[in-house]
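To be precise, the following lines are work-v9.cif, and they hold mmCIF, C-alpha atoms.
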```cif
data_start
#
loop_
_atom_site.label_atom_id
_atom_site.label_comp_id
_atom_site.auth_asym_id
_atom_site.auth_seq_id
_atom_site.Cartn_x
_atom_site.Cartn_y
_atom_site.Cartn_z
CA MET A 1 6.35 57.84 -97.45
CA PHE A 2 7.98 56.24 -100.47
CA HIS A 3 10.60 58.99 -100.50
CA LEU A 4 11.54 58.13 -96.92
CA MET A 5 11.85 54.46 -97.84
CA VAL A 6 14.07 55.18 -100.85
CA PHE A 7 16.53 57.40 -98.99
CA GLY A 8 16.10 56.16 -95.43
CA GLY A 9 15.99 52.41 -96.04
CA LEU A 10 12.93 51.79 -93.85
CA ARG A 11 10.97 48.56 -94.08
CA ARG A 12 7.28 48.59 -94.96
CA GLY A 13 6.16 47.87 -91.41
CA GLU A 14 8.62 50.39 -89.98
CA VAL A 15 7.34 53.27 -92.07
CA ALA A 16 3.71 52.27 -91.45
CA GLY A 17 4.28 52.17 -87.69
CA LEU A 18 6.51 55.26 -87.40
CA PRO A 19 5.13 57.58 -84.68
CA TRP A 20 5.64 61.33 -84.47
CA SER A 21 7.04 60.81 -80.98
CA GLU A 22 10.05 59.09 -82.55
CA THR A 23 10.44 61.74 -85.27
CA ASN A 24 12.63 64.72 -84.44
CA LEU A 25 12.08 67.46 -86.98
CA THR A 26 14.35 69.82 -85.07
CA ILE A 27 17.54 67.93 -85.78
CA GLY A 28 16.16 65.77 -88.62
CA THR A 29 16.13 62.17 -87.38
CA VAL A 30 13.68 59.28 -87.05
CA HIS A 31 14.13 56.58 -84.44
CA ILE A 32 12.97 53.12 -85.48
CA SER A 33 11.71 51.32 -82.38
CA GLU A 34 8.53 49.59 -83.58
CA GLN A 35 6.75 48.37 -86.68
CA LEU A 36 3.34 47.23 -87.84
CA VAL A 37 3.10 43.53 -88.64
CA ALA A 38 0.24 42.09 -90.69
CA ALA A 39 -1.14 38.59 -90.98
CA SER A 40 -4.11 38.65 -93.33
CA TYR A 41 -6.47 41.32 -91.98
CA GLU A 42 -4.95 41.38 -88.52
CA VAL A 43 -2.38 44.09 -87.76
CA TRP A 44 -0.43 44.58 -84.55
CA GLU A 45 2.56 46.52 -83.26
CA ASP A 46 5.85 44.71 -82.76
CA THR A 47 9.53 45.44 -82.25
CA PRO A 48 11.95 45.51 -85.21
CA LYS A 49 13.16 42.23 -86.68
CA SER A 50 16.40 42.25 -84.66
CA ASP A 51 18.15 44.23 -81.94
CA SER A 52 20.08 46.13 -84.60
CA GLY A 53 16.77 46.95 -86.27
CA GLU A 54 16.18 49.52 -83.55
CA ARG A 55 18.17 52.44 -84.89
CA THR A 56 18.21 56.17 -85.54
CA VAL A 57 18.19 57.33 -89.15
CA SER A 58 19.46 60.79 -90.04
CA LEU A 59 17.32 62.53 -92.65
CA ASP A 60 18.70 64.28 -95.68
CA SER A 61 17.59 67.89 -96.12
CA GLN A 62 14.97 67.08 -98.76
CA THR A 63 13.34 64.29 -96.77
CA HIS A 64 13.47 66.50 -93.68
CA GLU A 65 11.54 69.25 -95.47
CA LEU A 66 9.02 66.80 -96.96
CA LEU A 67 8.21 65.48 -93.48
CA ARG A 68 7.65 69.04 -92.27
CA LEU A 69 5.19 69.63 -95.10
CA TRP A 70 3.49 66.30 -94.45
CA GLN A 71 3.05 67.17 -90.77
CA GLN A 72 1.33 70.41 -91.78
CA ARG A 73 -0.93 68.57 -94.21
CA GLN A 74 -1.87 65.99 -91.60
CA GLU A 75 -2.74 68.75 -89.12
CA THR A 76 -4.97 70.36 -91.75
CA GLU A 77 -6.70 67.03 -92.40
CA ARG A 78 -7.26 66.58 -88.67
CA GLU A 79 -8.90 70.00 -88.35
CA GLU A 80 -11.09 69.55 -91.43
CA TRP A 81 -12.18 66.07 -90.35
CA ASN A 82 -13.08 67.13 -86.81
CA ARG A 83 -14.93 70.18 -88.12
CA ALA A 84 -16.99 67.99 -90.46
CA TYR A 85 -17.63 65.50 -87.66
CA GLU A 86 -18.88 68.25 -85.36
CA GLU A 87 -21.26 69.47 -88.09
CA TRP A 88 -22.57 65.94 -88.55
CA ARG A 89 -23.01 65.50 -84.79
CA GLN A 90 -25.01 68.73 -84.53
CA ARG A 91 -27.25 67.67 -87.40
CA GLN A 92 -28.07 64.48 -85.51
CA GLN A 93 -29.50 66.57 -82.70
CA ARG A 94 -31.98 68.41 -84.93
CA PRO A 95 -35.60 67.28 -84.69
CA ASN A 96 -36.05 67.13 -88.47
CA ARG A 97 -32.82 65.35 -89.29
CA ALA A 98 -34.74 62.44 -90.86
CA ASP A 99 -35.76 64.72 -93.71
CA GLU A 100 -32.18 65.69 -94.48
CA PRO A 101 -30.37 63.70 -97.18
CA ASN A 102 -27.48 61.54 -96.08
CA SER A 103 -24.07 62.09 -97.59
CA LYS A 104 -21.42 59.47 -98.11
CA THR A 105 -18.79 62.08 -97.24
CA GLU A 106 -20.19 62.69 -93.77
CA LYS A 107 -17.67 62.23 -90.98
CA LYS A 108 -19.47 60.07 -88.42
CA HIS A 109 -16.57 59.62 -86.01
CA PRO A 110 -13.83 61.93 -84.71
CA TRP A 111 -10.30 61.92 -86.05
CA GLN A 112 -8.40 59.00 -84.54
CA GLU A 113 -5.33 59.98 -82.55
CA THR A 114 -2.97 57.13 -83.44
CA GLY A 115 0.10 59.36 -83.23
CA LEU A 116 1.47 57.87 -86.46
CA VAL A 117 3.28 59.85 -89.12
CA PHE A 118 1.53 58.29 -92.12
CA THR A 119 -2.24 57.80 -91.79
CA TRP A 120 -5.53 57.94 -93.61
CA GLU A 121 -7.29 61.31 -93.57
CA ASP A 122 -9.20 60.23 -90.45
CA GLY A 123 -6.00 59.30 -88.57
CA ARG A 124 -6.24 55.52 -88.95
CA ALA A 125 -3.08 53.55 -89.59
CA TYR A 126 -2.34 52.12 -93.00
CA HIS A 127 -2.46 48.37 -93.40
CA PRO A 128 1.07 47.36 -94.50
CA GLU A 129 -0.28 45.21 -97.32
CA TYR A 130 -2.26 48.17 -98.63
CA LEU A 131 0.98 50.10 -99.07
CA SER A 132 2.35 47.30 -101.26
CA GLN A 133 -0.81 47.31 -103.37
CA VAL A 134 -0.70 51.09 -103.85
CA PHE A 135 2.96 50.94 -104.84
CA GLU A 136 2.29 48.14 -107.32
CA ARG A 137 -0.52 50.12 -108.96
CA LEU A 138 1.72 53.18 -109.13
CA ILE A 139 4.48 51.22 -110.88
CA LYS A 140 2.01 49.89 -113.47
CA LYS A 141 0.48 53.32 -114.03
CA LEU A 142 3.91 54.84 -114.73
CA ASP A 143 4.82 51.88 -116.97
CA LEU A 144 7.97 51.12 -114.97
CA PRO A 145 9.79 47.78 -114.72
CA PRO A 146 8.40 45.48 -112.03
CA VAL A 147 9.65 46.67 -108.64
CA ARG A 148 8.51 45.51 -105.23
CA LEU A 149 7.96 47.93 -102.38
CA HIS A 150 10.69 46.13 -100.43
CA ASP A 151 13.12 46.87 -103.27
CA LEU A 152 13.15 50.50 -102.15
CA ARG A 153 15.42 49.36 -99.30
CA HIS A 154 17.82 47.91 -101.86
CA CYS A 155 17.61 51.20 -103.72
CA ALA A 156 18.60 53.05 -100.55
CA ALA A 157 21.64 50.81 -100.10
CA THR A 158 22.73 51.08 -103.73
CA LEU A 159 22.40 54.86 -103.74
CA SER A 160 24.45 55.03 -100.56
CA LEU A 161 27.16 52.84 -102.06
CA THR A 162 27.24 54.98 -105.18
CA ALA A 163 27.64 58.06 -102.99
CA GLY A 164 30.73 56.49 -101.41
CA ILE A 165 29.25 55.59 -98.03
CA HIS A 166 31.04 52.72 -96.30
CA MET A 167 29.32 49.35 -96.07
CA LYS A 168 29.39 49.51 -92.27
CA LYS A 169 27.34 52.71 -92.37
CA ILE A 170 24.87 51.08 -94.75
CA GLN A 171 24.52 48.14 -92.35
CA ALA A 172 23.48 50.62 -89.65
CA LEU A 173 21.14 52.44 -92.04
CA LEU A 174 19.28 49.25 -92.95
CA GLY A 175 19.36 47.78 -89.45
CA HIS A 176 20.99 44.53 -90.55
CA SER A 177 22.08 42.18 -87.80
CA SER A 178 25.58 41.67 -89.22
CA TYR A 179 28.08 43.25 -91.57
CA SER A 180 28.35 40.07 -93.62
CA LEU A 181 24.61 40.13 -94.34
CA THR A 182 24.89 43.61 -95.83
CA ALA A 183 28.08 42.85 -97.74
CA ASP A 184 26.78 39.54 -99.12
CA THR A 185 23.52 41.18 -100.25
CA TYR A 186 25.27 43.88 -102.25
CA THR A 187 28.28 42.01 -103.61
CA SER A 188 27.01 42.54 -107.16
CA VAL A 189 27.63 46.28 -106.95
CA GLN A 190 30.71 46.12 -104.72
CA PRO A 191 33.53 45.47 -107.28
CA GLN A 192 33.21 48.83 -109.02
CA PHE A 193 33.48 50.62 -105.69
CA ASP A 194 36.46 48.48 -104.65
CA LYS A 195 38.22 49.61 -107.84
CA ALA A 196 37.50 53.26 -107.05
CA GLU A 197 38.84 52.81 -103.51
CA ALA A 198 41.99 51.15 -104.86
CA ASP A 199 42.63 54.07 -107.21
CA ALA A 200 42.01 56.71 -104.57
CA PRO A 201 45.44 56.49 -102.78
CA ILE A 202 47.26 56.67 -106.11
CA ALA A 203 45.60 59.97 -106.89
CA LEU A 204 47.08 61.45 -103.70
CA VAL A 205 50.72 60.79 -104.67
CA PRO A 206 52.29 63.46 -106.93
CA ARG A 207 54.01 62.05 -110.00
CA ALA A 208 56.15 63.46 -112.78
CA GLY A 209 54.09 64.75 -115.64
CA SER A 210 53.77 62.84 -118.85
CA PRO A 211 55.67 64.03 -121.93
CA GLU A 212 52.55 65.79 -123.12
CA GLU A 213 52.34 67.67 -119.81
CA THR A 214 56.08 68.64 -119.72
CA ALA A 215 56.69 72.37 -120.09
CA PRO A 216 58.39 73.34 -123.39
CA ASP A 217 62.15 74.02 -123.39
CA PRO A 218 62.72 77.76 -123.81
CA ASP A 219 65.88 77.06 -125.90
CA THR A 220 63.93 74.98 -128.38
CA PRO A 221 63.28 76.94 -131.56
CA GLY A 222 59.70 77.42 -132.42
CA ASP A 223 57.28 79.86 -133.95
CA GLU A 224 58.29 83.41 -133.21
CA PRO A 225 55.61 85.51 -131.55
CA GLU A 226 53.85 87.85 -133.84
CA VAL A 227 54.95 91.47 -133.31
CA PRO A 228 52.27 94.07 -133.93
CA ASP A 229 53.05 96.76 -136.44
CA VAL A 230 53.16 100.08 -134.60
CA SER A 231 54.74 102.10 -137.37
CA GLY A 232 52.93 104.90 -139.04
CA ASP A 233 50.96 107.86 -137.83
CA GLN A 234 47.78 105.97 -136.87
CA PRO A 235 47.04 106.34 -133.15
CA ARG A 236 46.65 103.27 -131.03
CA SER A 237 43.14 102.49 -129.92
CA PRO A 238 42.59 102.98 -126.20
CA THR A 239 41.61 100.00 -124.11
CA PHE A 240 38.44 99.98 -122.05
CA PRO A 241 37.20 97.63 -119.37
CA ALA A 242 34.61 95.12 -120.45
CA ARG A 243 31.12 96.57 -120.35
CA ARG A 244 28.39 94.84 -118.43
CA PRO A 245 24.78 94.96 -119.54
CA PRO A 246 22.49 96.95 -117.26
CA ASP A 247 20.89 95.01 -114.45
CA GLY A 248 17.71 93.36 -115.61
CA MET A 249 18.59 93.27 -119.30
CA PHE A 250 19.09 89.52 -119.25
CA PRO A 251 17.07 87.34 -116.86
CA GLU A 252 18.97 85.06 -114.55
CA ARG A 253 19.06 81.46 -115.62
CA SER A 254 16.82 79.20 -113.59
CA GLN A 255 18.53 76.71 -111.33
CA HIS A 256 16.15 74.04 -112.58
CA THR A 257 17.24 74.14 -116.21
#
```

Show how you would write the structure in this file as structure tokens.
Amino acid sequence: MFHLMVFGGLRRGEVAGLPWSETNLTIGTVHISEQLVAASYEVWEDTPKSDSGERTVSLDSQTHELLRLWQQRQETEREEWNRAYEEWRQRQQRPNRADEPNSKTEKKHPWQETGLVFTWEDGRAYHPEYLSQVFERLIKKLDLPPVRLHDLRHCAATLSLTAGIHMKKIQALLGHSSYSLTADTYTSVQPQFDKAEADAPIALVPRAGSPEETAPDPDTPGDEPEVPDVSGDQPRSPTFPARRPPDGMFPERSQHT
């Protein structure tokens, strides 16, 4: 969930209310058309904050794969929960069930089909405020600087700017209502990218090399090349192609090092 917010720029309510029906794992996109809104303990579904908030976000390959794995895990949780619920239901029909000890882990209701991507193990939706509390505890546990859950959206925008994505594309990614809102929000990181864009056309124009890069004049005297001594009766050593070690002698270097 947090990975999707960092690289997809989703709001807290958007990721909490994201349904599988709006998630296309074939082509790797999520369509933001609704969100969960919370006021105290009350939670309800609502549309995005603005018309531009309804958008389609393309997933990077890593996020795409993580959502596939999460879908498999959720399906496993659904099967395990319903199996445990069925066992509990059958125990309730036994005549001597009063003598059996109760367990706090008993599943006394079936898995709830909310259709949401991110849920509790019984299928219930997450309360948006709960997500903020979990993220805050995680930040403290890892001893990281104070970061709000909403700041992950800013992280998504900053990473996109660093990668060279145009501000207009970032406006669409975040679902901002106007270009000026996006540009004004990220003016602090904009100058360094403006400088890089200004230098880019210059790099395309060929220029004469600097004196250090100028090829040496062949008429300029310099050190004479060293001539090998071939006199005498000693035979010249034959040349051989470079030898390669047998396959398997040296292990391949890991890509993760």

Contact residues around Thr26 (chain A) with all atoms listed in the file at 12 Å, ignoring same-chain residues under 3 positions, as a PyMOL selection string: chain A and resi 22-23+29-30+58-59+61+64-65+67-68

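Note that CA of Lys141 (chain A) and CA of Arg12 (chain A) are 20.8 Å apart.
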
Convert the output of the PyMOL selection byres ((chain A and resi 15) around 8) on the shown file into explicit residues, formatted as a tab-separated table (two decimals) with C-alpha atoms, in the coordinates of the input.
```tsv
chain	number	residue	atom	x	y	z
A	1	MET	CA	6.35	57.84	-97.45
A	5	MET	CA	11.85	54.46	-97.84
A	10	LEU	CA	12.93	51.79	-93.85
A	11	ARG	CA	10.97	48.56	-94.08
A	12	ARG	CA	7.28	48.59	-94.96
A	13	GLY	CA	6.16	47.87	-91.41
A	14	GLU	CA	8.62	50.39	-89.98
A	16	ALA	CA	3.71	52.27	-91.45
A	17	GLY	CA	4.28	52.17	-87.69
A	18	LEU	CA	6.51	55.26	-87.40
A	35	GLN	CA	6.75	48.37	-86.68
A	118	PHE	CA	1.53	58.29	-92.12
```

Pairwise distance for CA of Pro128 (chain A) and CA of Lys108 (chain A), rounded to one decimal in Å: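 Answer for the CA of Pro128 (chain A) to CA of Lys108 (chain A) separation: 24.9 Å.
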
Closest of A:Tyr186, A:Trp88, A:Arg55, A:Glu121 to Thr162 (chain A) - atom-to-atom distances counting all atoms listed in the file: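 So, comparing all the options, the nearest one is A:Tyr186.
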
Nearest candidate to Arg91 (chain A) (options A:His176, A:Lys107, A:Lys168, A:Arg153; using all atoms listed in the file): A:Lys107

Length of the CA of Glu87 (chain A) to CA of His109 (chain A) vector [Å]: 11.1 Å
